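Okay, my_file_13.cif is below, mmCIF, C-alpha atoms and all ligand atoms:
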data_run
loop_
_atom_site.label_atom_id
_atom_site.label_comp_id
_atom_site.auth_asym_id
_atom_site.auth_seq_id
_atom_site.Cartn_x
_atom_site.Cartn_y
_atom_site.Cartn_z
CA MET A 1168 14.26 15.53 5.09
CA THR A 1169 13.32 17.18 1.82
CA GLY A 1170 10.57 19.74 1.53
CA THR A 1171 8.16 17.33 -0.07
CA ALA A 1172 8.83 14.64 2.51
CA ALA A 1173 8.24 17.15 5.29
CA ALA A 1174 5.01 18.20 3.66
CA ALA A 1175 3.96 14.58 3.37
CA ALA A 1176 4.78 14.08 7.04
CA ALA A 1177 2.69 17.07 7.98
CA ALA A 1178 -0.14 15.88 5.80
CA ALA A 1179 0.07 12.37 7.18
CA THR A 1180 -2.95 11.38 9.13
CA THR A 1181 -2.44 10.83 12.82
CA THR A 1182 -2.81 7.10 12.29
CA THR A 1183 -0.94 5.23 14.99
CA LEU A 1184 -0.88 1.51 15.46
CA SER A 1185 0.39 -0.36 18.47
CA MET A 1186 2.03 -3.71 18.99
CA LYS A 1187 3.48 -5.66 21.89
CA LEU A 1188 7.15 -6.64 21.76
CA LEU A 1189 8.76 -9.41 23.77
CA VAL A 1190 12.22 -8.08 24.51
CA ASP A 1191 15.22 -10.03 25.74
CA THR A 1192 16.72 -7.36 27.99
CA LYS A 1193 19.98 -9.24 28.35
CA SER A 1194 20.88 -9.46 24.66
CA ARG A 1195 18.89 -6.30 23.88
CA CYS A 1196 16.88 -7.77 21.04
CA VAL A 1197 13.25 -8.30 20.18
CA LEU A 1198 12.35 -12.00 20.26
CA PHE A 1199 9.02 -11.50 18.57
CA ALA A 1200 5.99 -9.26 18.64
CA GLU A 1201 2.29 -9.76 19.07
CA ALA A 1202 0.34 -7.73 16.56
CA GLY A 1203 -3.22 -7.21 15.45
CA LYS A 1204 -4.70 -6.98 12.00
CA ASP A 1205 -3.85 -3.28 11.53
CA VAL A 1206 -0.10 -3.79 12.04
CA VAL A 1207 0.01 -6.89 9.85
CA ASP A 1208 -1.98 -5.10 7.14
CA PHE A 1209 0.60 -2.31 7.23
CA LEU A 1210 3.58 -4.69 7.06
CA PHE A 1211 2.10 -6.65 4.16
CA SER A 1212 1.16 -3.40 2.42
CA LEU A 1213 4.85 -2.56 2.05
CA LEU A 1214 4.88 -5.14 -0.74
CA ALA A 1215 2.37 -3.03 -2.67
CA LEU A 1216 4.65 0.02 -2.77
CA PRO A 1217 6.18 0.76 -6.17
CA ILE A 1218 9.99 1.03 -5.96
CA GLY A 1219 9.84 4.64 -7.16
CA THR A 1220 7.56 5.48 -4.24
CA THR A 1221 9.91 3.75 -1.81
CA VAL A 1222 12.92 5.75 -3.03
CA LYS A 1223 10.90 8.95 -2.82
CA LEU A 1224 9.81 8.17 0.75
CA LEU A 1225 13.23 7.17 2.06
CA GLY A 1226 15.40 9.48 -0.01
CA GLU A 1227 17.87 8.50 -2.76
CA GLU A 1228 20.87 8.49 -0.39
CA SER A 1229 19.37 6.08 2.12
CA MET A 1230 18.58 3.34 -0.38
CA ALA A 1231 20.79 0.32 0.29
CA GLY A 1232 21.05 -0.84 -3.31
CA SER A 1233 21.24 1.09 -6.54
CA THR A 1234 17.64 2.16 -6.93
CA GLY A 1235 18.52 5.60 -5.52
CA GLU A 1236 20.91 6.15 -8.45
CA LEU A 1237 18.24 5.03 -10.92
CA TYR A 1238 15.77 7.43 -9.36
CA GLY A 1239 18.23 10.31 -9.44
CA SER A 1240 19.05 9.61 -13.08
CA VAL A 1241 15.42 9.94 -14.11
CA GLU A 1242 15.09 13.05 -11.98
CA ARG A 1243 18.11 14.71 -13.63
CA LEU A 1244 17.40 13.55 -17.19
CA ASP A 1245 16.62 16.53 -19.37
CA ASP A 1246 13.13 16.50 -20.85
CA THR A 1247 14.58 16.68 -24.37
CA TYR A 1248 15.65 13.03 -23.95
CA VAL A 1249 12.21 11.90 -22.87
CA GLN A 1250 9.61 10.72 -25.40
CA PRO A 1251 6.80 13.19 -25.85
CA GLY A 1252 3.87 11.98 -23.78
CA ALA A 1253 6.08 9.98 -21.39
CA ALA A 1254 5.89 11.62 -17.98
CA LYS A 1255 8.84 11.40 -15.59
CA ASP A 1256 6.32 11.54 -12.79
CA ALA A 1257 5.08 8.10 -13.75
CA LEU A 1258 8.45 6.82 -12.50
CA LEU A 1259 9.22 9.38 -9.78
CA ARG A 1260 5.72 9.48 -8.32
CA PRO A 1261 4.16 6.25 -9.53
CA VAL A 1262 0.46 5.76 -9.11
CA ILE A 1263 -0.33 3.32 -6.34
CA ALA A 1264 -2.95 0.87 -7.51
CA PRO A 1265 -6.03 1.01 -5.30
CA SER A 1266 -6.14 -2.27 -3.39
CA PRO A 1267 -7.03 -3.48 0.09
CA ALA A 1268 -3.33 -3.90 0.82
CA ALA A 1269 -2.22 -0.47 -0.42
CA ALA A 1270 -4.84 1.30 1.70
CA SER A 1271 -2.76 0.58 4.83
CA ASN A 1272 0.51 2.14 3.68
CA VAL A 1273 -1.31 5.14 2.23
CA ALA A 1274 -2.86 5.85 5.62
CA LEU A 1275 0.32 5.47 7.66
CA LEU A 1276 3.01 6.79 5.31
CA GLY A 1277 1.13 9.93 4.27
CA LEU A 1278 1.00 8.96 0.61
CA PRO A 1279 -1.57 10.49 -1.71
CA PRO A 1280 -4.65 8.28 -1.93
CA PRO A 1281 -4.73 5.98 -4.95
CA THR A 1282 -6.62 7.41 -7.90
CA PRO A 1283 -10.22 6.27 -7.59
CA PRO A 1284 -11.47 4.04 -10.39
CA ALA A 1285 -12.89 5.95 -13.34
CA PRO A 1286 -16.63 6.57 -13.04
CA ALA A 1287 -18.75 4.01 -14.85
CA LYS A 1288 -19.29 4.87 -18.50
CA ARG A 1289 -22.74 5.97 -19.62
CA PHE A 1290 -24.35 4.90 -22.86
CA TYR A 1291 -27.06 6.58 -24.93
CA ARG A 1292 -29.34 5.43 -27.70
CA CYS A 1293 -31.41 7.23 -30.28
CA SER A 1294 -34.32 9.07 -28.69
CA SER A 1295 -36.62 9.20 -31.67
CA GLY A 1296 -36.35 5.62 -32.85
CA SER A 1297 -37.77 6.55 -36.25
CA TYR A 1298 -36.30 3.46 -37.84
CA GLY A 1299 -36.07 0.00 -36.40
CA SER A 1300 -32.35 -0.04 -37.08
CA CYS A 1301 -31.89 3.02 -34.79
CA ARG A 1302 -31.63 0.34 -32.15
CA ASP A 1303 -28.40 -0.91 -33.71
CA TYR A 1304 -26.50 2.09 -32.37
CA VAL A 1305 -25.30 3.12 -28.97
CA GLY A 1306 -23.07 6.12 -28.15
CA ASP A 1307 -20.90 6.88 -25.13
CA THR A 1308 -21.26 10.66 -25.56
CA TYR A 1309 -24.50 12.43 -24.72
CA ALA A 1310 -26.38 13.78 -27.76
CA THR A 1311 -24.35 12.02 -30.43
CA LYS A 1312 -26.25 12.18 -33.75
CA CYS A 1313 -27.97 8.92 -34.60
CA PRO A 1314 -26.26 7.57 -37.75
CA LYS A 1315 -29.63 6.32 -39.01
CA CYS A 1316 -32.06 9.21 -38.47
CA ASN A 1317 -29.80 12.06 -37.32
CA SER A 1318 -31.75 12.59 -34.09
CA SER A 1319 -29.90 13.21 -30.84
CA MET A 1320 -28.98 10.09 -28.96
CA THR A 1321 -29.97 11.19 -25.45
CA THR A 1322 -31.83 8.25 -23.96
CA GLU A 1323 -29.60 6.60 -21.45
CA CYS A 1324 -29.34 2.83 -21.59
CA GLN A 1325 -28.49 0.64 -18.64
CA LEU A 1326 -25.60 -1.77 -18.74
CA ALA A 1327 -27.02 -5.23 -18.14
CA PRO A 1328 -25.57 -7.02 -15.10
CA PRO A 1329 -23.28 -9.94 -15.98
CA PRO A 1330 -24.73 -13.42 -15.53
CA ALA A 1331 -24.43 -14.86 -12.04
CA GLY A 1332 -21.11 -16.54 -11.31
CA SER A 1333 -19.14 -14.66 -13.95
CA VAL A 1334 -15.85 -13.04 -12.95
CA THR A 1335 -16.05 -9.26 -12.52
CA ALA A 1336 -13.85 -6.62 -10.93
CA LYS A 1337 -14.25 -6.52 -7.17
CA THR A 1338 -15.85 -3.45 -5.64
CA ASP A 1339 -12.67 -1.70 -4.55
CA THR A 1340 -14.12 0.56 -1.91
CA VAL A 1341 -15.75 -2.24 0.05
CA VAL A 1342 -12.65 -4.41 0.00
CA ALA A 1343 -10.29 -1.50 0.76
CA ALA A 1344 -12.05 -0.79 4.03
CA GLN A 1345 -11.39 -4.33 5.12
CA GLY A 1346 -7.64 -4.38 4.57
CA PHE A 1347 -5.86 -7.62 3.79
CA VAL A 1348 -5.79 -10.11 6.68
CA ARG A 1349 -8.66 -11.22 8.87
CA GLY A 1350 -9.20 -9.27 12.04
CA VAL A 1351 -10.11 -11.76 14.75
CA VAL A 1352 -6.65 -13.31 14.82
CA THR A 1353 -3.53 -12.17 16.71
CA TYR A 1354 -0.35 -12.51 14.72
CA THR A 1355 3.25 -13.26 15.64
CA VAL A 1356 5.76 -10.95 13.96
CA MET A 1357 9.37 -12.08 14.11
CA ASP A 1358 12.29 -9.67 14.26
CA SER A 1359 12.86 -10.57 10.59
CA LEU A 1360 9.22 -9.62 9.80
CA ALA A 1361 8.14 -13.22 9.30
CA VAL A 1362 4.44 -13.10 10.14
CA SER A 1363 2.17 -15.95 11.16
CA PRO A 1364 -1.09 -16.40 13.05
CA MET A 1365 -0.41 -16.79 16.77
CA SER A 1366 -1.38 -19.55 19.12
CA ALA A 1367 -0.50 -20.20 22.77
CA ILE A 1368 1.37 -23.34 21.76
CA SER A 1369 3.35 -21.51 19.08
CA SER A 1370 4.49 -18.92 21.65
CA ILE A 1371 5.86 -21.64 23.91
CA THR A 1372 7.54 -23.32 20.95
CA LEU A 1373 9.04 -19.96 20.01
CA LEU A 1374 10.49 -19.44 23.48
CA ASN A 1375 12.01 -22.90 23.22
CA THR A 1376 13.64 -22.11 19.89
CA PHE A 1377 15.20 -19.02 21.44
CA ALA A 1378 16.44 -21.27 24.26
CA VAL A 1379 15.19 -18.81 26.83
CA THR A 1380 15.88 -20.34 30.22
CA ASP A 1381 15.73 -17.26 32.38
CA LEU A 1382 12.27 -15.80 31.94
CA SER A 1383 13.17 -12.85 34.17
CA VAL A 1384 15.22 -11.28 31.36
CA LEU A 1385 12.10 -11.09 29.20
CA GLN A 1386 10.13 -7.89 29.16
CA GLU A 1387 6.97 -6.88 27.37
CA LYS A 1388 7.05 -3.53 25.69
CA THR A 1389 4.13 -1.92 23.87
CA VAL A 1390 5.23 0.35 21.04
CA GLN A 1391 3.40 2.77 18.75
CA ILE A 1392 3.79 2.80 14.99
CA GLY A 1393 3.14 6.18 13.40
CA TYR A 1394 4.53 7.92 10.32
CA LYS A 1395 8.12 7.99 11.64
CA GLU A 1396 8.20 4.36 12.76
CA GLY A 1397 6.40 3.31 9.57
CA LEU A 1398 9.17 4.84 7.46
CA GLU A 1399 11.87 3.28 9.68
CA ILE A 1400 10.26 -0.14 9.33
CA LEU A 1401 10.14 0.28 5.54
CA LYS A 1402 13.80 1.33 5.47
CA ALA A 1403 14.96 -1.44 7.81
CA SER A 1404 12.94 -4.07 5.92
CA LEU A 1405 15.06 -3.39 2.84
CA GLN A 1406 18.40 -3.87 4.56
CA SER A 1407 18.05 -5.78 7.81
CA LYS A 1408 16.93 -9.12 9.25
CA THR A 1409 16.43 -7.55 12.68
CA VAL A 1410 13.87 -4.90 11.85
CA LEU A 1411 11.99 -4.70 15.16
CA THR A 1412 15.20 -4.56 17.18
CA ASP A 1413 16.65 -1.88 14.87
CA VAL A 1414 13.57 0.31 14.93
CA PHE A 1415 12.31 -0.07 18.49
CA LEU A 1416 15.46 -0.76 20.50
CA GLY A 1417 17.58 1.65 18.48
CA ASN A 1418 20.29 -0.92 17.76
CA LYS A 1419 22.17 0.73 14.91
CA SER A 1420 24.46 -2.22 14.34
CA ARG A 1421 24.89 -1.33 10.69
CA SER A 1422 27.07 1.42 9.32
CA HIS A 1423 24.35 3.01 7.19
CA ALA A 1424 23.44 5.58 9.86
ZN ZN B 1501 -32.30 7.22 -34.81
#
Go ahead and render the structure in this file as structure tokens.
Amino acid sequence: MTGTAAAAAAAATTTTLSMKLLVDTKSRCVLFAEAGKDVVDFLFSLLALPIGTTVKLLGEESMAGSTGELYGSVERLDDTYVQPGAAKDALLRPVIAPSPAAASNVALLGLPPPTPPAPAKRFYRCSSGSYGSCRDYVGDTYATKCPKCNSSMTTECQLAPPPAGSVTAKTDTVVAAQGFVRGVVTYTVMDSLAVSPMSAISSITLLNTFAVTDLSVLQEKTVQIGYKEGLEILKASLQSKTVLTDVFLGNKSRSHA
């Protein structure tokens, strides 16, 4: 683990999620898991991670494809080859867009919080209003000189609310607190990370598809997902179709260890 990754781990909040696995003890694999909103929010949030962030989290060497090489190339590229004003950090430490989905991975993976949206702009008009046409001007800097009468434009104007029904940007903070999926539902998470809302009937159907005849080999296992497991899930999701088995039953069937 690199210094920065260790620091991120230390800085990571103590967020821990839990989920219930149904394990086939005979074949040592996870059949499926039962998870709440928090776990599903985290899994879906992996899609909101920029690739640069993923490489940084997992390390260049542990990337299955070639993105690690790309990352390393940018890292090693001498600044003299980079356009003035183009920051390498934009690729190596990309900004994560604030969104309900991203909030979950930020919390669990110890990533820096997304940059908050810029504060609303303020507008000022002429304070003296000597001429009628003073009203034609508005400035976005306090005490701009009025082009008409040269007075200071210091009277703040209010931005009129858009007409009802028009499309505006959602209030990020409110939505972020709510995550992505609805909370009252329990979800089924397959070993391959296929996620769907759970029902009693679907569980029985699932058991049938696995052709489980001997129910005594099945075992429920509740597992915790913290920073370490979160990273392992991210890593496994990029290279495996048996993520839950890999991460929680420690089946290192692949040679990437
Ligand atoms: Zn004026």
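Once all atoms listed in the file are used for the distance check, the residues close to ligand ZN 1501 (chain B) at 12 Å turn out to be Tyr1291, Arg1292, Cys1293, Ser1294, Ser1295, Gly1296, Ser1297, Tyr1298, Gly1299, Ser1300, Cys1301, Arg1302, Asp1303, Tyr1304, Val1305, Gly1306, Ala1310, Thr1311, Lys1312, Cys1313, Pro1314, Lys1315, Cys1316, Asn1317, Ser1318, Ser1319, Met1320, Thr1321 and Thr1322 of chain A.
Counting from CA of Leu1382 (chain A), the distance to CA of Val1207 (chain A) is 26.8 Å.
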Kindly assemble as a tab-separated table a list of the region 1196-1238 of chain A residues that lie within 8 Å of region 1178-1192 of chain A, each paired with its nearest atom pair and their distance in Å to one decimal, using all atoms listed in the file, sorted first by chain and then by ascending residue number.
residue	atom	partner	partner_atom	distance
A:Cys1196	CA	A:Asp1191	CA	5.5
A:Val1197	CA	A:Val1190	CA	4.5
A:Leu1198	CA	A:Leu1189	CA	5.6
A:Phe1199	CA	A:Leu1189	CA	5.6
A:Ala1200	CA	A:Leu1188	CA	4.2
A:Glu1201	CA	A:Lys1187	CA	5.1
A:Ala1202	CA	A:Met1186	CA	5.0
A:Gly1203	CA	A:Met1186	CA	7.2
A:Asp1205	CA	A:Leu1184	CA	6.9
A:Val1206	CA	A:Leu1184	CA	6.4
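Taking CA of Glu1227 (chain A) and CA of Thr1247 (chain A) as the two end points, the separation is 23.3 Å.
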Within 12 Å of Arg1195 (chain A), counting all atoms listed in the file, which residues show up once you throw out same-chain ones fewer than 4 positions away? Write them as a list in words, please.
Leu1188, Leu1189, Val1190, Asp1191, Val1384, Leu1385, Gln1386, Thr1409, Leu1411, Thr1412, Asp1413, Phe1415, Leu1416, Gly1417, Asn1418, Lys1419 and Ser1420 of chain A
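Summary of the local environment: counting all atoms listed in the file, residues at most 12 Å from Ile1263 (chain A), other than itself and those fewer than 3 positions away along its chain, are Ser1212, Leu1213, Leu1214, Ala1215, Leu1216, Pro1217, Ile1218, Gly1219, Thr1220, Thr1221, Ala1257, Leu1258, Leu1259, Arg1260, Ser1266, Pro1267, Ala1268, Ala1269, Ala1270, Ser1271, Asn1272, Val1273, Leu1278, Pro1279, Pro1280, Pro1281, Thr1282, Pro1283 and Pro1284 of chain A.
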Nearest to Leu1326 (chain A), restricted to only C-alpha atoms and choosing among A:Gly1346, A:Val1362, A:Ile1400, A:Ala1287, comes out as A:Ala1287
Choose the residue, out of A:Val1352, A:Cys1324, A:Ala1231, A:Leu1237, that has the smallest atom-to-atom separation from Ser1404 (chain A); count all atoms listed in the file.
A:Ala1231
With a distance cut-off of 12 Å and only C-alpha atoms, select the neighbouring residues of Gly1239 (chain A), excluding the residue or stretch itself and same-chain residues fewer than 3 positions from it, and output the selection as number ranges by chain.
A: 1219, 1222-1223, 1226-1228, 1230, 1233-1236, 1242-1245, 1255, 1258-1259
So how far away is CA of Leu1276 (chain A) from CA of Met1357 (chain A), in Å?
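Result for CA of Met1357 (chain A) versus CA of Leu1276 (chain A): 21.8 Å, one decimal.
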Measuring between only C-alpha atoms, which one of A:Lys1408, A:Lys1388, A:Arg1349, A:Lys1402 shows the shortest distance to Ala1361 (chain A)?
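Closest residue, counting only C-alpha atoms: A:Lys1408.
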